[in-house]
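Structure data follow from work.txt (compact mmCIF, C-alpha atoms):
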```
# COMPACT_ATOMS: atom_id res chain seq x y z
CA MET A 1 0.00 0.00 0.00
CA ASN A 2 1.09 3.56 -0.68
CA CYS A 3 0.23 5.50 2.48
CA LEU A 4 0.33 8.98 0.96
CA TYR A 5 -1.81 8.02 -2.02
CA ILE A 6 -4.37 6.27 0.18
CA ILE A 7 -4.67 9.34 2.39
CA ARG A 8 -5.24 11.61 -0.62
CA GLU A 9 -7.83 9.22 -2.07
CA GLY A 10 -9.76 8.94 1.18
CA MET A 11 -9.59 12.56 2.31
CA LYS A 12 -13.15 13.49 1.34
CA ASP A 13 -14.56 10.60 3.39
CA PHE A 14 -12.54 11.28 6.53
CA THR A 15 -13.97 12.88 9.66
CA GLU A 16 -12.68 16.36 10.55
CA GLY A 17 -10.28 14.84 13.07
CA GLU A 18 -9.00 12.31 10.52
CA LYS A 19 -8.50 15.06 7.95
CA LYS A 20 -6.24 16.94 10.38
CA ILE A 21 -4.11 13.84 10.89
CA GLY A 22 -4.05 13.03 7.17
CA LYS A 23 -3.11 16.56 6.11
CA TYR A 24 -0.29 16.70 8.63
CA ILE A 25 1.14 13.39 7.40
CA LEU A 26 0.93 14.56 3.77
CA SER A 27 2.76 17.79 4.57
CA ASN A 28 5.32 16.38 7.00
CA LYS A 29 6.14 12.85 5.86
CA ASP A 30 9.78 12.82 6.97
CA GLU A 31 8.95 14.25 10.39
CA VAL A 32 6.05 11.87 11.03
CA ILE A 33 8.31 8.84 10.54
CA ASN A 34 10.12 9.79 13.75
CA LEU A 35 7.06 10.69 15.83
CA SER A 36 5.16 8.55 18.31
CA ALA A 37 1.37 8.35 18.17
CA GLN A 38 1.24 10.66 21.19
CA GLU A 39 3.57 13.21 19.59
CA LEU A 40 1.59 13.29 16.34
CA ALA A 41 -1.65 13.55 18.29
CA SER A 42 -0.43 16.61 20.17
CA LYS A 43 0.50 18.37 16.91
CA VAL A 44 -3.00 18.01 15.45
CA SER A 45 -5.05 18.30 18.65
CA ALA A 46 -6.10 14.66 18.54
CA SER A 47 -5.76 11.69 20.88
CA PRO A 48 -3.13 8.94 20.50
CA ALA A 49 -6.03 6.48 20.19
CA GLY A 50 -7.37 8.60 17.32
CA VAL A 51 -4.03 8.36 15.50
CA ILE A 52 -4.05 4.58 15.92
CA ARG A 53 -7.67 4.32 14.71
CA PHE A 54 -6.77 6.43 11.68
CA SER A 55 -3.87 4.10 10.89
CA LYS A 56 -6.13 1.06 11.10
CA LYS A 57 -8.75 2.75 8.91
CA LEU A 58 -6.09 3.07 6.21
CA GLY A 59 -5.48 -0.68 6.43
CA PHE A 60 -2.44 -0.80 8.72
CA LYS A 61 -2.17 -2.78 11.96
CA GLY A 62 -1.28 0.40 13.83
CA PHE A 63 0.68 3.66 13.70
CA THR A 64 4.05 1.87 13.73
CA ALA A 65 3.09 -0.16 10.64
CA LEU A 66 1.97 3.06 8.93
CA LYS A 67 5.34 4.69 9.66
CA VAL A 68 7.25 1.67 8.33
CA GLU A 69 5.35 1.91 5.03
CA LEU A 70 5.77 5.69 4.99
CA ALA A 71 9.55 5.32 5.31
CA LYS A 72 9.63 3.09 2.21
CA GLU A 73 7.77 5.50 0.00
CA ASN A 74 9.32 7.52 -2.77
CA GLU A 75 6.19 8.79 -4.42
CA ASP A 76 6.58 9.82 -8.03
CA GLU A 77 3.99 12.11 -9.53
CA ILE A 78 1.44 10.45 -11.81
CA ILE A 79 0.78 12.49 -14.94
CA ASP A 80 -2.96 13.09 -15.29
CA PHE A 81 -4.36 12.21 -18.71
CA SER A 82 -7.98 11.93 -17.51
CA GLU A 83 -9.13 15.26 -18.98
CA PHE A 84 -12.04 15.42 -21.41
CA ILE A 85 -11.47 14.05 -24.87
CA SER A 86 -11.52 17.03 -27.19
CA GLU A 87 -13.01 17.20 -30.65
CA ASP A 88 -9.69 18.73 -31.69
CA ASP A 89 -7.69 15.67 -30.60
CA ASP A 90 -6.07 13.87 -33.48
CA THR A 91 -5.83 10.07 -33.43
CA LYS A 92 -2.26 10.11 -32.11
CA THR A 93 -3.32 12.27 -29.13
CA MET A 94 -6.34 10.07 -28.44
CA VAL A 95 -4.15 6.95 -28.47
CA LYS A 96 -1.67 8.56 -26.08
CA LYS A 97 -4.42 9.63 -23.67
CA ALA A 98 -6.04 6.19 -23.64
CA ILE A 99 -2.80 4.28 -23.09
CA GLN A 100 -1.35 6.71 -20.54
CA SER A 101 -4.64 6.76 -18.64
CA ASN A 102 -4.60 2.96 -18.34
CA ILE A 103 -0.96 3.02 -17.22
CA ASN A 104 -1.80 5.62 -14.57
CA THR A 105 -4.74 3.58 -13.34
CA LEU A 106 -2.61 0.45 -12.94
CA GLU A 107 -0.05 2.47 -10.96
CA LYS A 108 -2.81 3.84 -8.72
CA THR A 109 -4.27 0.36 -8.31
CA TYR A 110 -0.88 -0.92 -7.18
CA ARG A 111 -0.64 1.86 -4.59
CA LEU A 112 -4.01 0.85 -3.12
CA ILE A 113 -3.27 -2.87 -2.80
CA ASN A 114 -3.07 -4.28 0.71
CA VAL A 115 -1.07 -7.49 0.25
CA ASN A 116 -2.41 -8.99 3.49
CA VAL A 117 -6.00 -8.56 2.29
CA VAL A 118 -5.11 -10.01 -1.12
CA GLU A 119 -3.52 -13.08 0.48
CA LYS A 120 -6.54 -13.61 2.72
CA ALA A 121 -8.95 -13.26 -0.22
CA ILE A 122 -6.95 -15.75 -2.30
CA ASP A 123 -6.96 -18.26 0.56
CA VAL A 124 -10.71 -17.89 1.13
CA ILE A 125 -11.55 -18.31 -2.56
CA ALA A 126 -9.20 -21.29 -2.97
CA LYS A 127 -10.79 -23.11 -0.02
CA ALA A 128 -14.43 -22.19 -0.69
CA LYS A 129 -16.93 -24.91 -1.48
CA ARG A 130 -18.72 -22.58 -3.91
CA ILE A 131 -17.91 -19.12 -5.22
CA TYR A 132 -20.79 -16.72 -5.83
CA ILE A 133 -20.05 -13.59 -7.89
CA TYR A 134 -22.29 -10.50 -8.02
CA GLY A 135 -22.00 -7.72 -10.60
CA VAL A 136 -24.34 -5.84 -12.94
CA GLY A 137 -23.72 -3.66 -15.99
CA ALA A 138 -20.02 -3.04 -16.63
CA SER A 139 -19.18 -4.82 -13.37
CA GLY A 140 -21.05 -7.83 -14.72
CA LEU A 141 -18.48 -8.12 -17.50
CA ILE A 142 -15.74 -8.28 -14.85
CA ALA A 143 -17.71 -10.93 -12.98
CA LEU A 144 -18.16 -12.97 -16.17
CA ASP A 145 -14.43 -12.85 -16.89
CA PHE A 146 -13.65 -14.07 -13.37
CA GLN A 147 -16.24 -16.83 -13.65
CA TYR A 148 -14.67 -18.07 -16.89
CA LYS A 149 -11.18 -18.11 -15.38
CA LEU A 150 -12.34 -20.03 -12.31
CA LEU A 151 -14.38 -22.54 -14.30
CA ARG A 152 -11.29 -23.46 -16.32
CA ILE A 153 -9.50 -24.54 -13.13
CA LYS A 154 -12.41 -26.62 -11.86
CA LYS A 155 -13.88 -24.21 -9.34
CA ASP A 156 -17.58 -24.36 -8.50
CA VAL A 157 -18.52 -20.79 -9.38
CA ILE A 158 -21.99 -19.30 -9.78
CA TYR A 159 -22.79 -16.10 -11.70
CA SER A 160 -25.62 -14.85 -13.90
CA HIS A 161 -26.00 -11.65 -15.93
CA ASP A 162 -29.60 -11.45 -14.66
CA SER A 163 -29.62 -9.59 -11.33
CA HIS A 164 -32.82 -11.36 -10.23
CA ILE A 165 -31.16 -14.74 -10.73
CA GLN A 166 -28.12 -13.46 -8.82
CA LEU A 167 -30.34 -12.60 -5.86
CA ALA A 168 -32.16 -15.92 -6.10
CA THR A 169 -28.85 -17.76 -5.71
CA ALA A 170 -27.96 -15.66 -2.65
CA SER A 171 -30.46 -17.54 -0.51
CA HIS A 172 -28.52 -20.77 -1.09
CA ILE A 173 -25.11 -19.50 0.05
CA GLY A 174 -23.64 -21.52 2.92
CA LYS A 175 -20.98 -20.92 5.56
CA ASP A 176 -18.37 -22.78 3.49
CA ASP A 177 -18.92 -20.52 0.48
CA VAL A 178 -17.58 -17.11 -0.51
CA ALA A 179 -19.47 -14.22 -2.14
CA ILE A 180 -17.66 -11.64 -4.28
CA GLY A 181 -19.40 -8.33 -4.97
CA ILE A 182 -18.13 -6.07 -7.76
CA SER A 183 -19.42 -2.49 -7.87
CA TYR A 184 -17.45 0.64 -8.69
CA SER A 185 -19.73 2.91 -6.65
CA GLY A 186 -20.24 0.40 -3.86
CA GLU A 187 -23.89 1.43 -3.76
CA THR A 188 -25.43 -0.92 -6.33
CA LYS A 189 -28.53 -2.22 -4.55
CA GLU A 190 -28.51 -5.73 -6.02
CA ILE A 191 -24.85 -6.27 -5.09
CA ASN A 192 -25.29 -5.11 -1.52
CA ILE A 193 -28.36 -7.30 -1.03
CA GLY A 194 -26.39 -10.33 -2.25
CA ILE A 195 -23.40 -9.59 -0.04
CA ASN A 196 -25.59 -8.94 3.01
CA GLN A 197 -27.46 -12.21 2.46
CA ALA A 198 -24.16 -14.06 2.18
CA LYS A 199 -23.01 -12.59 5.50
CA GLU A 200 -26.28 -13.53 7.17
CA ASN A 201 -25.77 -17.09 5.94
CA GLY A 202 -22.26 -17.18 7.44
CA ALA A 203 -20.25 -16.99 4.20
CA LYS A 204 -17.08 -14.95 3.73
CA THR A 205 -17.51 -11.82 1.59
CA ILE A 206 -15.14 -9.94 -0.70
CA ALA A 207 -15.74 -6.55 -2.32
CA ILE A 208 -14.09 -4.99 -5.36
CA THR A 209 -15.01 -1.31 -5.30
CA LYS A 210 -13.60 2.22 -5.45
CA TYR A 211 -11.70 3.59 -2.48
CA ASN A 212 -14.34 5.28 -0.33
CA SER A 213 -16.67 4.68 2.58
CA SER A 214 -19.39 2.97 0.56
CA THR A 215 -22.04 0.56 1.74
CA LEU A 216 -20.27 -2.34 0.03
CA SER A 217 -16.85 -1.56 1.50
CA LYS A 218 -18.36 -1.34 4.99
CA ASN A 219 -20.27 -4.62 4.71
CA ALA A 220 -17.66 -6.89 3.11
CA ASP A 221 -15.14 -8.88 5.16
CA MET A 222 -12.34 -8.10 2.70
CA VAL A 223 -12.09 -5.13 0.32
CA LEU A 224 -9.93 -4.74 -2.79
CA TYR A 225 -9.91 -1.16 -3.97
CA ILE A 226 -10.21 0.45 -7.39
CA PRO A 227 -8.83 4.01 -7.78
CA ASN A 228 -11.50 6.64 -7.24
CA GLU A 229 -11.28 8.35 -10.62
CA GLU A 230 -14.60 7.77 -12.37
CA ARG A 231 -15.62 11.05 -13.99
CA GLU A 232 -18.48 11.82 -16.34
CA LEU A 233 -17.38 11.75 -19.98
CA ARG A 234 -13.75 11.15 -18.98
CA LEU A 235 -11.34 8.28 -19.48
CA GLY A 236 -11.95 7.10 -15.91
CA ALA A 237 -15.06 5.25 -17.13
CA ILE A 238 -12.75 3.07 -19.19
CA THR A 239 -9.83 2.72 -16.82
CA SER A 240 -11.87 1.58 -13.81
CA ARG A 241 -12.56 -1.60 -15.80
CA ILE A 242 -8.82 -2.11 -16.32
CA SER A 243 -8.27 -1.79 -12.57
CA ALA A 244 -10.98 -4.33 -11.67
CA LEU A 245 -9.73 -6.81 -14.27
CA THR A 246 -6.22 -6.49 -12.85
CA LEU A 247 -7.49 -7.28 -9.35
CA ILE A 248 -9.30 -10.43 -10.45
CA ASP A 249 -6.20 -11.48 -12.40
CA ILE A 250 -4.19 -11.15 -9.19
CA LEU A 251 -6.72 -13.30 -7.31
CA TYR A 252 -6.73 -15.88 -10.11
CA LEU A 253 -2.94 -16.10 -10.24
CA GLY A 254 -2.80 -16.46 -6.48
CA ILE A 255 -5.18 -19.41 -6.63
CA VAL A 256 -3.29 -20.96 -9.53
CA LYS A 257 0.13 -20.81 -7.89
CA SER A 258 -1.04 -22.81 -4.88
CA ASN A 259 -1.10 -25.92 -7.11
CA ILE A 260 0.35 -25.14 -10.52
CA GLU A 261 0.62 -28.71 -11.84
CA GLU A 262 -3.00 -29.53 -11.00
CA THR A 263 -4.12 -26.24 -12.53
CA LYS A 264 -2.23 -27.00 -15.74
CA SER A 265 -4.07 -30.30 -16.07
CA TYR A 266 -7.46 -28.60 -15.58
CA ILE A 267 -6.67 -25.96 -18.20
CA THR A 268 -5.48 -28.64 -20.62
CA GLU A 269 -8.71 -30.60 -20.12
CA THR A 270 -10.92 -27.57 -20.78
CA ARG A 271 -8.87 -26.59 -23.82
CA ASN A 272 -9.15 -30.09 -25.27
CA VAL A 273 -12.93 -30.04 -24.95
CA ILE A 274 -13.18 -26.60 -26.59
CA GLU A 275 -10.90 -27.77 -29.42
CA LYS A 276 -13.54 -30.33 -30.41
CA ILE A 277 -15.82 -27.61 -31.83
CA LYS A 278 -13.10 -26.14 -34.06
```
How does the structure come out when it is put into C-alpha cells?
Amino acid sequence: MNCLYIIREGMKDFTEGEKKIGKYILSNKDEVINLSAQELASKVSASPAGVIRFSKKLGFKGFTALKVELAKENEDEIIDFSEFISEDDDTKTMVKKAIQSNINTLEKTYRLINVNVVEKAIDVIAKAKRIYIYGVGASGLIALDFQYKLLRIKKDVIYSHDSHIQLATASHIGKDDVAIGISYSGETKEINIGINQAKENGAKTIAITKYNSSTLSKNADMVLYIPNEERELRLGAITSRISALTLIDILYLGIVKSNIEETKSYITETRNVIEKIK
C-alpha cells in the first residue's frame, strides 16, 4: 500500500479529526516517521487512540506499521491524462491519452493494494466450497471474466447476468462458500443485497469497489480497492474496468500458484474439450 496516495484518495470521506491527521502526514512525511502516536496527536489536537484508529482505517495494523510503510515511499507524480477528450484531438493524441490513462490507473491500483488482504482473499476463494459472484452492468463483465477463469480450473462458481437470478442464488449461500461483490460505486442495490445475504448465511464476503466509505466496503469482510477516478465523460469510465480486471487477475494467479501442476491439467482438459468444436 502507498500510504500517501491512500490518504489523498480517502480525504473526502474522513472525519474532521481524521482530515487533520491526514493533512499533517501529507505535509510532514519525513517528520512523522520519527514521531510517536502521542507526539503526532499533540500536533494536530487529537488523541493517541485517534491516531491509531486512523492508521487502522487506512489498512495498517497500527501507527508503527503506517510509519514503516511511509519510510519506504518515494512517491513519483502520476501524470494526469484523464481530462475530457476534445473534438480537436487527433488520433495520435487520443491513443496517447487512452494508453497513458490505463498506465496511470494500474499504478494507482498498485498503490491501493493491501497485500495482506489479497492473500486472505486468495486463501478464502481457494478453499471455498462454492464461489458466488455478483455484478451488474459493466461490473457484470468483470464478474463474467472471473467466472470463466475459475471454471477453467475446476472451481464451482456461480454467476448470472440477470440480477434477479443473482439474488435468487444468494439464498442458497452456505458458511463454506464465498461471495464476491463487484461495484465501482459500492452502492449498487442488487450487489449489496447479495453480499448482506451471504453474510447472514455465514459466508465470507469480498468486495471490489472504489476507495471510499461505501455501503459495500463497509459490509464486506475483505475489500480490494479500485482508484476513485470515475468522472463523467472522462477516461476514468474506461480505466476503472482495467483496474478491476487487474485485481481479479491477481486473485486468479494467487489461486493458480497454490497448485500449478494440477491447474495446468485442468486448463489442458478444458482446452481439449473446446478444441472439439473447431
Selected residue, from A:Leu112, A:Ala71, A:Ser55, A:Ile238, that lies nearest to A:Ile208 when counting all atoms listed in the file
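Result for the nearest residue to A:Ile208: A:Leu112.
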(request) Rank nothing, just name the residue among A:Thr215, A:Val124, A:Arg241, A:Asp145 nearest to A:Lys175, using all atoms listed in the file. (result)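 The closest residue to A:Lys175 is A:Val124.
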> Which of these, A:Leu70, A:Ala128, A:Ser163, A:Glu18, has the shortest distance to A:Ser47 once you count only C-alpha atoms?
Replying inline: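 So, comparing all the options, the nearest one is A:Glu18.
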For atom CA of A:Val256 and atom CA of A:Val118, determine how far apart the two atoms are, in Å to one decimal place.
->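 Computing it gives 13.9 Å between the two atoms.
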query: Of the residues A:Ile158, A:Asp176, A:Thr64, A:Asn219, which is the one nearest to A:Ser36, using all atoms listed in the file?
result: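 Closest candidate: A:Thr64.
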Exercise for review: Just give me the gap between atom CA of A:Phe54 and atom CA of A:Asn104 in Å, one decimal is fine.
Suggested key: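 We find that atom CA of A:Phe54 and atom CA of A:Asn104 lie 26.7 Å from each other.
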### Query
Which residue gives the smallest distance to A:Ile153 among A:Ala168, A:Ala126, A:Leu4, A:Val223, with all atoms listed in the file counted?
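Nearest to A:Ile153: A:Ala126.
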Computed gap from atom CA of A:Val178 to atom CA of A:Ile206 is 7.6 Å
Excluding stretch 95-103 of chain A and residues on its chain fewer than 2 positions from it, collect all residues at most 6 Å away from it, counting only C-alpha atoms, and give them as a list in words.
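In the requested format, the answer is Phe81, Lys92, Thr93, Thr105, Leu106 and Thr239 of chain A.
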field: Spatial neighbours of A:Gly22, max dist 9 Å, all atoms listed in the file, sep filter under 3 positions, as number ranges by chain
entry: A: 4, 7-8, 11, 14, 17-19, 25-27, 54
| said: Residues within 12 Å of A:Ile142, please, as JSON, numbers by chain. Count all atoms listed in the file; anything in the same chain fewer than 6 positions from it doesn't count. | reply: {"A": [133, 134, 135, 136, 148, 149, 159, 160, 161, 180, 181, 182, 183, 184, 208, 209, 240, 241, 242, 243, 244, 245, 246, 247, 248, 249]}
*Using all atoms listed in the file, which of the listed residues (A:Ile277, A:Val51, A:Leu253, A:Ala198) sits closest to A:Tyr24?*
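Among the listed residues, A:Val51 lies closest to A:Tyr24.
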For A:Lys57, work out the shell of residues within 12 Å, counting only C-alpha atoms and skipping chain neighbours fewer than 5 positions away, then give it as a PyMOL selection string. chain A and resi 3+6-7+10-11+13-15+18+22+50-52+62-63+66+211-213+217-218
### Message
Residues within 7 Å of A:Gly174, please, as a ChimeraX atom specification. Count only C-alpha atoms; anything in the same chain fewer than 4 positions from it doesn't count.
### Response
/A:201-203
Could you make a table, as a Markdown table, of the residues of stretch 111-161 of chain A that have an atom within 9 Å of an atom of stretch 263-276 of chain A, each with its nearest atom pair and distance in Å to one decimal, counting all atoms listed in the file, in chain and number order?
```
| residue | atom | partner | partner_atom | distance |
| --- | --- | --- | --- | --- |
| A:Leu151 | CA | A:Thr270 | CA | 8.9 |
| A:Arg152 | CA | A:Ile267 | CA | 5.6 |
| A:Ile153 | CA | A:Tyr266 | CA | 5.2 |
| A:Lys154 | CA | A:Tyr266 | CA | 6.5 |
```
I need the chosen residues saved as a PDB file, in the frame of the given file, with C-alpha atoms.
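File written: result-v1.pdb
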```pdb
ATOM      1  CA  LEU A 151     -14.380 -22.540 -14.300  1.00  0.00           C
ATOM      2  CA  ARG A 152     -11.290 -23.460 -16.320  1.00  0.00           C
ATOM      3  CA  ILE A 153      -9.500 -24.540 -13.130  1.00  0.00           C
ATOM      4  CA  LYS A 154     -12.410 -26.620 -11.860  1.00  0.00           C
TER       5      LYS A 154
END
```
